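**Q** Pasting a structure here, questions to come.
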Amino acid sequence: MQPEAAMTRPLVMADVAARAGVSHQTVSRVVNGHHSVAPDTRERVQQAIAELGYRPNLAARALVTGSTRTIGLVTVKINQYGPAQTMLGLESAARRAGYSVSISILDEATATAMREAVDRFVAQSVDAVVALSTYDDAAEALRSLEAPVPLVAVQVGGGEDRPAVGVDQETGARLATRHLLALGHRTVHHVAGPADSQEARARVEGWRSELEAAGAPVPDPLQGNWTPSSGHAAGKELAARMRAGEHVTAVFLANDQMALGCLAALHDEGLSVPGDVSLVGFDDLPEAPYFTPPLTTVRQDFAELGRRGVQLVLARLRGEDLHPDAVPAELILRSSTARPPDALPSGARVWPDQPHAC
């Protein structure tokens with residue numbers, strides 16, 4: 001019978017040290033993620049931990065180290081793909097760094113709700129708090145908050161006194177617009193996200209800046225709210241404008257879910273993508289390659305965003321003044337974009353419910 005099977009008392013670090021043939025202090029360094037342990041020694045200790053089934057006493061460790069190795073994450077409006085994936089990226093990066101994540105999901109990002117969430121985390125003795133949101137009310141709440149632990153912003157502006165990290169939304173939008181212009185489209189229409197979203201406004205700015213730099217007309221953007229239904233309504237509106245004679249051959253939508261709705265609406269109107277209209281989305285949903293047609297889109301690297309967010313947290317815990325670069329966005333080319341359709345001799349478009357010219 002193995003000795004540990006007969007133990008009636010809880011396992012302690014001394015048991016691990018005896019099994020691994022190292023000191024108690026070495027086991028403590030391994031458990032607490034210190035780097036000053038030789039790789040072979042670390043492996044031996046980790047093997048002993050696994051064999052014994054040892055679990056650190058977190059409360060005792062917190063008393064000794066002054067750290068719970070826990071990060072509090074406050075987020076709002078998690079029902080959209082981008083924020084949900086960012087949250088997963090942060091949790092994964094924190095776990096790899098030896099931290100657990102405690103999550104508070106707010107219904108509204110008011111200053112009061114944000115302050116209460118931070119206060120709860122402080123009462124739980126978290127080491128730091130990460131605020132994840134893209135909306136103006138969250139940014140305003142962060143500006144009014146003072147916390148006794150490092151407070152880091154992800155995907156929302158941090159300001160000089162609030163460290164932040166995010167994806168380069170503006171450049172991503174410029175890449176989408178530039179791609180469509182390079183195909184020969186005279187201009188690019190845009191379906192924007194909510195007006196109170198910093199991400200949505202950055203994408204509008206990137207789209208507008210690229211059109212202006214190319215000397216292309218800048219159409220008024222259509223307003224969406226991230227949902228497929230709002231993209232569908234935008235697609236219906238664009239089709240009506242085309243019937244009225246407006247030149248619409250390329251559309252950049254602020255997220256893939258709206259692009260999906262727009263695809264359905266254009267199909268309902270008897271229009272071909274990309275034969276009549278080219279579409280580009282943003283986010284690169286897992287389903288985007290399986291749309292009909294597969295969607296050209298801008299990919300956000302949420303895993304890298306999570307890594308940089310946790311890197312920023314750890315730097316603040318060490319007292320370092322780190323300002324990470326924005327995470328680059330990447331254009332993913334698929335089949336929803338093509339050169340614009342050749343104009344008919346009359347300059348008019350033939351619609352499915354109209355007779356073809358003889």
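Going by the structure tokens order, chains are called A, B, ..., each with residues numbered from 1, while ligands are numbered from 1 in the order shown.
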Write down as a list in words the residues of segment 130-202 of chain A whose backbone DSSP state falls under alpha helix (DSSP H).

**A** Asp136, Asp137, Ala138, Ala139, Glu140, Ala141, Leu142, Arg143, Gln169, Glu170, Thr171, Gly172, Ala173, Arg174, Leu175, Ala176, Thr177, Arg178, His179, Leu180, Leu181, Ala182, Gln198, Glu199, Ala200, Arg201 and Ala202 of chain A

**Q** Within 10 Å of Gly53 of chain A, counting only C-alpha atoms, which residues show up once you throw out same-chain ones fewer than 4 positions away? Write them as a list in words, please.

**A** Glu4, Leu11, Val16, Gln47, Ala48 and Ile49 of chain A

**Q** Can you spit out the residues from that selection as a PDB file, in the first residue's frame, using C-alpha atoms?

**A**
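The file below, again-v9.pdb, is the result:
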ATOM      1  CA  GLU A   4      -0.066   8.541   0.821  1.00  0.00           C
ATOM      2  CA  LEU A  11      -1.197  16.838   2.440  1.00  0.00           C
ATOM      3  CA  VAL A  16       5.743  17.008  -1.671  1.00  0.00           C
ATOM      4  CA  GLN A  47       5.512  15.073 -10.771  1.00  0.00           C
ATOM      5  CA  ALA A  48       5.426  14.666  -6.980  1.00  0.00           C
ATOM      6  CA  ILE A  49       2.445  17.035  -6.791  1.00  0.00           C
TER       7      ILE A  49
END

**Q** Measuring between only C-alpha atoms, which one of A:Pro150, A:Pro39, A:Pro221, A:Pro228 shows the shortest distance to Ala164 of chain A?

**A**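 Distance minimum relative to Ala164 of chain A lands on A:Pro150.
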
**Q** Find the distance between atom CA of Asn255 of chain A and atom CA of Val310 of chain A and write it in Å to one decimal.

**A** 25.5 Å

**Q** Could you pull the residues within 10 Å of segment 315-330 of chain A, counting only C-alpha atoms, minus those fewer than 6 positions along the same chain, as a PyMOL selection string?

**A** chain A and resi 127-128+149-152+155+160+163-173+175-176+282-284+297-302+304-306+308-309

**Q** Using DSSP assignments from the backbone, pull out every residue in segment 49-254 of chain A that falls under strand (DSSP E or B) and give it to me as a PyMOL selection string.

**A** chain A and resi 70-76+100-106+128-132+135+151-154+164-165+167+189-192+197+222-223+250-253

**Q** Create the file for the chosen residues now, containing C-alpha atoms and written as an mmCIF file, in the first residue's frame.

**A**
data_model
loop_
_atom_site.group_PDB
_atom_site.id
_atom_site.type_symbol
_atom_site.label_atom_id
_atom_site.label_comp_id
_atom_site.auth_asym_id
_atom_site.auth_seq_id
_atom_site.Cartn_x
_atom_site.Cartn_y
_atom_site.Cartn_z
ATOM 1 C CA THR A 70 -6.685 35.896 -8.726
ATOM 2 C CA ILE A 71 -7.674 38.526 -11.279
ATOM 3 C CA GLY A 72 -11.144 40.064 -11.191
ATOM 4 C CA LEU A 73 -12.754 40.558 -14.611
ATOM 5 C CA VAL A 74 -15.657 43.013 -14.985
ATOM 6 C CA THR A 75 -17.472 42.857 -18.317
ATOM 7 C CA VAL A 76 -20.752 43.936 -19.873
ATOM 8 C CA SER A 100 -7.388 32.224 -11.761
ATOM 9 C CA VAL A 101 -10.084 34.642 -12.957
ATOM 10 C CA SER A 102 -13.193 35.689 -11.060
ATOM 11 C CA ILE A 103 -15.843 37.127 -13.414
ATOM 12 C CA SER A 104 -18.571 39.716 -12.841
ATOM 13 C CA ILE A 105 -20.960 40.301 -15.773
ATOM 14 C CA LEU A 106 -22.872 43.568 -15.499
ATOM 15 C CA ALA A 128 -5.876 43.133 -9.961
ATOM 16 C CA VAL A 129 -9.052 44.009 -11.849
ATOM 17 C CA VAL A 130 -9.551 43.961 -15.622
ATOM 18 C CA ALA A 131 -12.457 45.941 -17.108
ATOM 19 C CA LEU A 132 -13.624 44.630 -20.485
ATOM 20 C CA TYR A 135 -18.991 51.168 -24.672
ATOM 21 C CA LEU A 151 -7.133 48.384 -12.734
ATOM 22 C CA VAL A 152 -6.559 47.603 -16.414
ATOM 23 C CA ALA A 153 -8.859 48.325 -19.375
ATOM 24 C CA VAL A 154 -9.228 45.949 -22.338
ATOM 25 C CA ALA A 164 -5.298 49.770 -21.646
ATOM 26 C CA VAL A 165 -4.875 47.350 -24.513
ATOM 27 C CA VAL A 167 -7.208 45.563 -31.159
ATOM 28 C CA HIS A 189 -20.829 51.662 -48.252
ATOM 29 C CA HIS A 190 -20.688 50.953 -44.532
ATOM 30 C CA VAL A 191 -23.062 49.432 -41.994
ATOM 31 C CA ALA A 192 -21.862 50.663 -38.595
ATOM 32 C CA SER A 197 -19.485 51.648 -29.064
ATOM 33 C CA LEU A 222 -26.184 52.911 -42.234
ATOM 34 C CA GLN A 223 -26.738 52.294 -38.518
ATOM 35 C CA ALA A 250 -19.366 47.138 -52.191
ATOM 36 C CA VAL A 251 -20.349 47.087 -48.515
ATOM 37 C CA PHE A 252 -18.177 46.874 -45.406
ATOM 38 C CA LEU A 253 -20.165 45.763 -42.344
#

**Q** Please provide as an MDAnalysis selection string all residues within 10 Å of Lys236 of chain A, with the sequence filter that same-chain residues fewer than 6 positions apart are discarded (counting only C-alpha atoms).

**A** chainID A and resid 230 242 261:269

**Q** Would you put the residues from that selection into a file with N, CA, C and O atoms, as a tab-separated table (two decimals), in the first residue's frame?

**A**
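Below is the file that was written, out-v2.tsv:
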chain	number	residue	atom	x	y	z
A	230	SER	N	-30.32	43.59	-37.76
A	230	SER	CA	-29.98	44.95	-38.20
A	230	SER	C	-29.22	44.91	-39.52
A	230	SER	O	-29.37	45.80	-40.36
A	242	MET	N	-30.41	50.85	-54.47
A	242	MET	CA	-29.94	50.41	-55.79
A	242	MET	C	-31.08	50.49	-56.81
A	242	MET	O	-30.88	50.91	-57.95
A	261	GLY	N	-26.80	38.82	-41.92
A	261	GLY	CA	-28.13	39.34	-42.18
A	261	GLY	C	-28.22	40.04	-43.52
A	261	GLY	O	-29.20	39.91	-44.25
A	262	CYS	N	-27.16	40.79	-43.87
A	262	CYS	CA	-27.13	41.50	-45.14
A	262	CYS	C	-27.10	40.52	-46.31
A	262	CYS	O	-27.78	40.72	-47.32
A	263	LEU	N	-26.32	39.45	-46.18
A	263	LEU	CA	-26.28	38.41	-47.21
A	263	LEU	C	-27.68	37.85	-47.48
A	263	LEU	O	-28.10	37.70	-48.63
A	264	ALA	N	-28.41	37.56	-46.40
A	264	ALA	CA	-29.76	37.00	-46.55
A	264	ALA	C	-30.68	37.99	-47.23
A	264	ALA	O	-31.49	37.62	-48.11
A	265	ALA	N	-30.59	39.27	-46.86
A	265	ALA	CA	-31.46	40.29	-47.45
A	265	ALA	C	-31.18	40.45	-48.94
A	265	ALA	O	-32.12	40.54	-49.76
A	266	LEU	N	-29.90	40.50	-49.31
A	266	LEU	CA	-29.57	40.66	-50.73
A	266	LEU	C	-30.03	39.45	-51.53
A	266	LEU	O	-30.51	39.59	-52.66
A	267	HIS	N	-29.90	38.27	-50.94
A	267	HIS	CA	-30.39	37.07	-51.60
A	267	HIS	C	-31.91	37.16	-51.80
A	267	HIS	O	-32.43	36.82	-52.87
A	268	ASP	N	-32.62	37.61	-50.77
A	268	ASP	CA	-34.07	37.76	-50.87
A	268	ASP	C	-34.45	38.73	-51.98
A	268	ASP	O	-35.52	38.59	-52.60
A	269	GLU	N	-33.59	39.72	-52.23
A	269	GLU	CA	-33.87	40.72	-53.25
A	269	GLU	C	-33.41	40.28	-54.64
A	269	GLU	O	-33.47	41.05	-55.60

**Q** Nearest to Leu312 of chain A among A:Val31, A:Ala94, A:Ala195, A:Val280, with distances taken over only C-alpha atoms: which residue is it?

**A**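 The closest residue to Leu312 of chain A is A:Ala94.
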